[in-house]
Each structure stands twice: as structure tokens, then as C-alpha cells.
Amino acid sequence: PKALFLDYDGTLREFEARPELAVPTDEIMALLRALNDRVDLEPHIISGRDTGFLEEHFGGLERFTLIAEHGFKILPPSSQGVDRTWRLGEDQDDSTVDHDSWKAIMRTEIMRLVDANPRSHMEEKYFSLVWHFREIDDE
């Protein structure tokens, strides 16, 4: 089989001002279901989205590998006969990282940016903090 890697935001689905608005359309889901049915492909969706979003929208595509937070979490296809649970990406060792301490520092800095730019917002994921500024007027 051939591997097929699909990026979600900005590729499969156009960007929206707020990420939560960029859900898959019926047309996108029909395309993905058709790809899911092809035995000559090993389809993957790669995204900066968190595991909850990918599982909610694409978890029913059992032949797809879902890759969340740009590779930090991976959900293998159920067609491989393995337990379909989220795993850390290659070379990721979560046991040695204190996410709370670095996030506390960065959250304060990002919130300063949000306060200074009212049309921006912060999104928190398990492995990252994201400052969204797409709605800010160009200056």
C-alpha cells in the first residue's frame, strides 16, 4: 500500500478566524470515507489539533492513522489489529517533562499578547500553548 498524508487546517479544510469553526464539511467527510475504503492506501491525517478534535471528527475512519499536535500523539488505525489508543509520537518521553511549569510561564506571556490584542486568543493543548492572531487587523 501507498502512504497518504493529509494535513487538516489550511489543506483539507480552509482556515477560519477561530479554529473551532473549522470543522470538516460533508464533502470532506465523503472524500475521507472513500479514501478509508481503499485497500491500496494507508491514509494519515496530520494536524496541530488536539486528540479530542481528531477523534471526534475522524475516529470512525478505522484505516486512518491520526496524528495530533504535530506528531506528539498518534492514533494507529484499527485495521492493524492493535489496540487503538493514543500513543506518544516517536522519541517523545512525557515522563521527564513538567508541562505545568513551562506552561505557567508562557501562559502569562501569551495572555499579555491577548490583552494587548483583543481580537486574539490563546488555545491550550496538552503539549503546547498557541497564540491565535488571525483576526487582528493588519497594522
# chains A, B, ... in the order shown; residues from 1 in each chain; ligands from 1
>>> select_by_dssp(residues="region 21-133 of chain A", states="helix (DSSP H, G or I)", output="PyMOL selection string")
chain A and resi 21+26-36+51-58+69-71+78-80+94-96+99-116
>>> residues_around(residues="Arg63 (chain A)", least_positions_apart="6", cutoff="12 Å", atoms="only C-alpha atoms", output="list in words")
Pro1, Ala3, Leu4, Leu32, Arg33, Ala34, Leu35, Asn36, Asp37, Arg38, Val39, Asp40, Leu41, Glu42, Pro43, His44, Ile45, Leu75, Pro76, Pro77, Ser78, Ser79, Gln80, Gly81, Val82 and Arg84 of chain A
>>> residues_around(residues="Val97 (chain A)", least_positions_apart="5", cutoff="12 Å", atoms="only C-alpha atoms", output="ChimeraX atom specification")
/A:92,102-103,126-127
>>> atom_distance(atom1="CA of Leu129 (chain A)", atom2="CA of Arg107 (chain A)")
7.3 Å
>>> atom_distance(atom1="CA of Leu6 (chain A)", atom2="CA of Ser120 (chain A)")
27.3 Å
>>> atom_distance(atom1="CA of His132 (chain A)", atom2="CA of Ser47 (chain A)")
15.5 Å
>>> select_by_dssp(residues="region 54-126 of chain A", states="strand (DSSP E)", output="PyMOL selection string")
chain A and resi 65-68+73-75+87-88+121-124
>>> closest_residue(among="A:Ile28, A:Ser128, A:Glu135, A:Glu56", to="Asp98 (chain A)", atoms="only C-alpha atoms")
A:Ser128
>>> closest_residue(among="A:Trp131, A:Arg49, A:Asp100, A:Thr11", to="Asp115 (chain A)", atoms="only C-alpha atoms")
A:Trp131
>>> residues_around(residues="Pro118 (chain A)", least_positions_apart="4", cutoff="9 Å", atoms="only C-alpha atoms", output="ChimeraX atom specification")
/A:113-114,136
>>> decode(residues="region 29-106 of chain A", atoms="C-alpha atoms", output="PDB file, in the first residue's frame")
ATOM      1  CA  MET A  29     -16.043  13.537   5.133  1.00  0.00           C
ATOM      2  CA  ALA A  30     -17.317  11.859   1.940  1.00  0.00           C
ATOM      3  CA  LEU A  31     -13.818  12.125   0.440  1.00  0.00           C
ATOM      4  CA  LEU A  32     -12.205  10.712   3.587  1.00  0.00           C
ATOM      5  CA  ARG A  33     -14.679   7.814   3.752  1.00  0.00           C
ATOM      6  CA  ALA A  34     -13.823   6.990   0.122  1.00  0.00           C
ATOM      7  CA  LEU A  35     -10.105   7.001   0.988  1.00  0.00           C
ATOM      8  CA  ASN A  36     -10.833   4.872   4.052  1.00  0.00           C
ATOM      9  CA  ASP A  37     -12.370   2.225   1.773  1.00  0.00           C
ATOM     10  CA  ARG A  38      -9.289   1.942  -0.447  1.00  0.00           C
ATOM     11  CA  VAL A  39      -7.110  -1.011   0.499  1.00  0.00           C
ATOM     12  CA  ASP A  40      -4.238   0.277  -1.655  1.00  0.00           C
ATOM     13  CA  LEU A  41      -3.719   3.275   0.672  1.00  0.00           C
ATOM     14  CA  GLU A  42      -2.514   3.800   4.228  1.00  0.00           C
ATOM     15  CA  PRO A  43      -4.154   7.174   4.955  1.00  0.00           C
ATOM     16  CA  HIS A  44      -2.979   9.571   7.674  1.00  0.00           C
ATOM     17  CA  ILE A  45      -4.319  12.910   8.920  1.00  0.00           C
ATOM     18  CA  ILE A  46      -1.708  15.219  10.432  1.00  0.00           C
ATOM     19  CA  SER A  47      -2.853  18.192  12.447  1.00  0.00           C
ATOM     20  CA  GLY A  48      -1.931  20.672  15.108  1.00  0.00           C
ATOM     21  CA  ARG A  49      -5.326  19.882  16.620  1.00  0.00           C
ATOM     22  CA  ASP A  50      -5.650  18.007  19.880  1.00  0.00           C
ATOM     23  CA  THR A  51      -6.593  14.355  20.226  1.00  0.00           C
ATOM     24  CA  GLY A  52     -10.202  15.131  21.172  1.00  0.00           C
ATOM     25  CA  PHE A  53     -10.905  17.023  17.952  1.00  0.00           C
ATOM     26  CA  LEU A  54      -9.326  14.382  15.717  1.00  0.00           C
ATOM     27  CA  GLU A  55     -11.039  11.500  17.467  1.00  0.00           C
ATOM     28  CA  GLU A  56     -14.422  13.251  17.460  1.00  0.00           C
ATOM     29  CA  HIS A  57     -14.356  14.008  13.748  1.00  0.00           C
ATOM     30  CA  PHE A  58     -12.167  11.253  12.273  1.00  0.00           C
ATOM     31  CA  GLY A  59     -12.158   8.430  14.840  1.00  0.00           C
ATOM     32  CA  GLY A  60     -14.667   6.452  12.776  1.00  0.00           C
ATOM     33  CA  LEU A  61     -12.220   6.202   9.880  1.00  0.00           C
ATOM     34  CA  GLU A  62     -10.684   2.958  11.104  1.00  0.00           C
ATOM     35  CA  ARG A  63      -7.972   2.708   8.431  1.00  0.00           C
ATOM     36  CA  PHE A  64      -6.643   6.216   9.126  1.00  0.00           C
ATOM     37  CA  THR A  65      -3.691   6.954  11.362  1.00  0.00           C
ATOM     38  CA  LEU A  66      -4.478  10.181  13.234  1.00  0.00           C
ATOM     39  CA  ILE A  67      -1.544  12.399  14.201  1.00  0.00           C
ATOM     40  CA  ALA A  68      -2.333  15.139  16.736  1.00  0.00           C
ATOM     41  CA  GLU A  69      -0.401  18.180  17.951  1.00  0.00           C
ATOM     42  CA  HIS A  70       2.018  17.966  15.003  1.00  0.00           C
ATOM     43  CA  GLY A  71       3.257  14.494  15.913  1.00  0.00           C
ATOM     44  CA  PHE A  72       3.197  14.433  19.691  1.00  0.00           C
ATOM     45  CA  LYS A  73       0.269  11.981  19.787  1.00  0.00           C
ATOM     46  CA  ILE A  74      -0.543   9.204  17.300  1.00  0.00           C
ATOM     47  CA  LEU A  75      -3.636   7.007  16.999  1.00  0.00           C
ATOM     48  CA  PRO A  76      -2.885   3.948  14.846  1.00  0.00           C
ATOM     49  CA  PRO A  77      -5.504   2.522  12.508  1.00  0.00           C
ATOM     50  CA  SER A  78      -7.746  -0.150  13.988  1.00  0.00           C
ATOM     51  CA  SER A  79      -7.206  -2.175  10.823  1.00  0.00           C
ATOM     52  CA  GLN A  80      -3.703  -3.063  12.072  1.00  0.00           C
ATOM     53  CA  GLY A  81      -5.227  -5.292  14.750  1.00  0.00           C
ATOM     54  CA  VAL A  82      -3.598  -3.329  17.570  1.00  0.00           C
ATOM     55  CA  ASP A  83      -5.253  -1.573  20.475  1.00  0.00           C
ATOM     56  CA  ARG A  84      -6.441   1.760  19.085  1.00  0.00           C
ATOM     57  CA  THR A  85      -5.269   4.088  21.808  1.00  0.00           C
ATOM     58  CA  TRP A  86      -3.349   7.354  21.555  1.00  0.00           C
ATOM     59  CA  ARG A  87       0.402   6.961  21.897  1.00  0.00           C
ATOM     60  CA  LEU A  88       3.232   9.408  22.200  1.00  0.00           C
ATOM     61  CA  GLY A  89       4.988  10.109  18.933  1.00  0.00           C
ATOM     62  CA  GLU A  90       8.425   8.719  18.187  1.00  0.00           C
ATOM     63  CA  ASP A  91      11.138   9.864  20.630  1.00  0.00           C
ATOM     64  CA  GLN A  92       8.592  11.550  22.928  1.00  0.00           C
ATOM     65  CA  ASP A  93       9.122  10.859  26.634  1.00  0.00           C
ATOM     66  CA  ASP A  94       6.404  12.652  28.544  1.00  0.00           C
ATOM     67  CA  SER A  95       7.601  11.329  31.911  1.00  0.00           C
ATOM     68  CA  THR A  96      10.533  13.751  32.085  1.00  0.00           C
ATOM     69  CA  VAL A  97       8.733  16.961  31.120  1.00  0.00           C
ATOM     70  CA  ASP A  98       6.961  19.206  33.602  1.00  0.00           C
ATOM     71  CA  HIS A  99       4.413  20.808  31.294  1.00  0.00           C
ATOM     72  CA  ASP A 100       2.761  22.750  34.105  1.00  0.00           C
ATOM     73  CA  SER A 101       5.862  24.783  34.974  1.00  0.00           C
ATOM     74  CA  TRP A 102       6.778  25.935  31.458  1.00  0.00           C
ATOM     75  CA  LYS A 103       3.113  26.490  30.589  1.00  0.00           C
ATOM     76  CA  ALA A 104       2.630  28.733  33.630  1.00  0.00           C
ATOM     77  CA  ILE A 105       5.449  30.994  32.452  1.00  0.00           C
ATOM     78  CA  MET A 106       4.379  31.028  28.801  1.00  0.00           C
TER      79      MET A 106
END
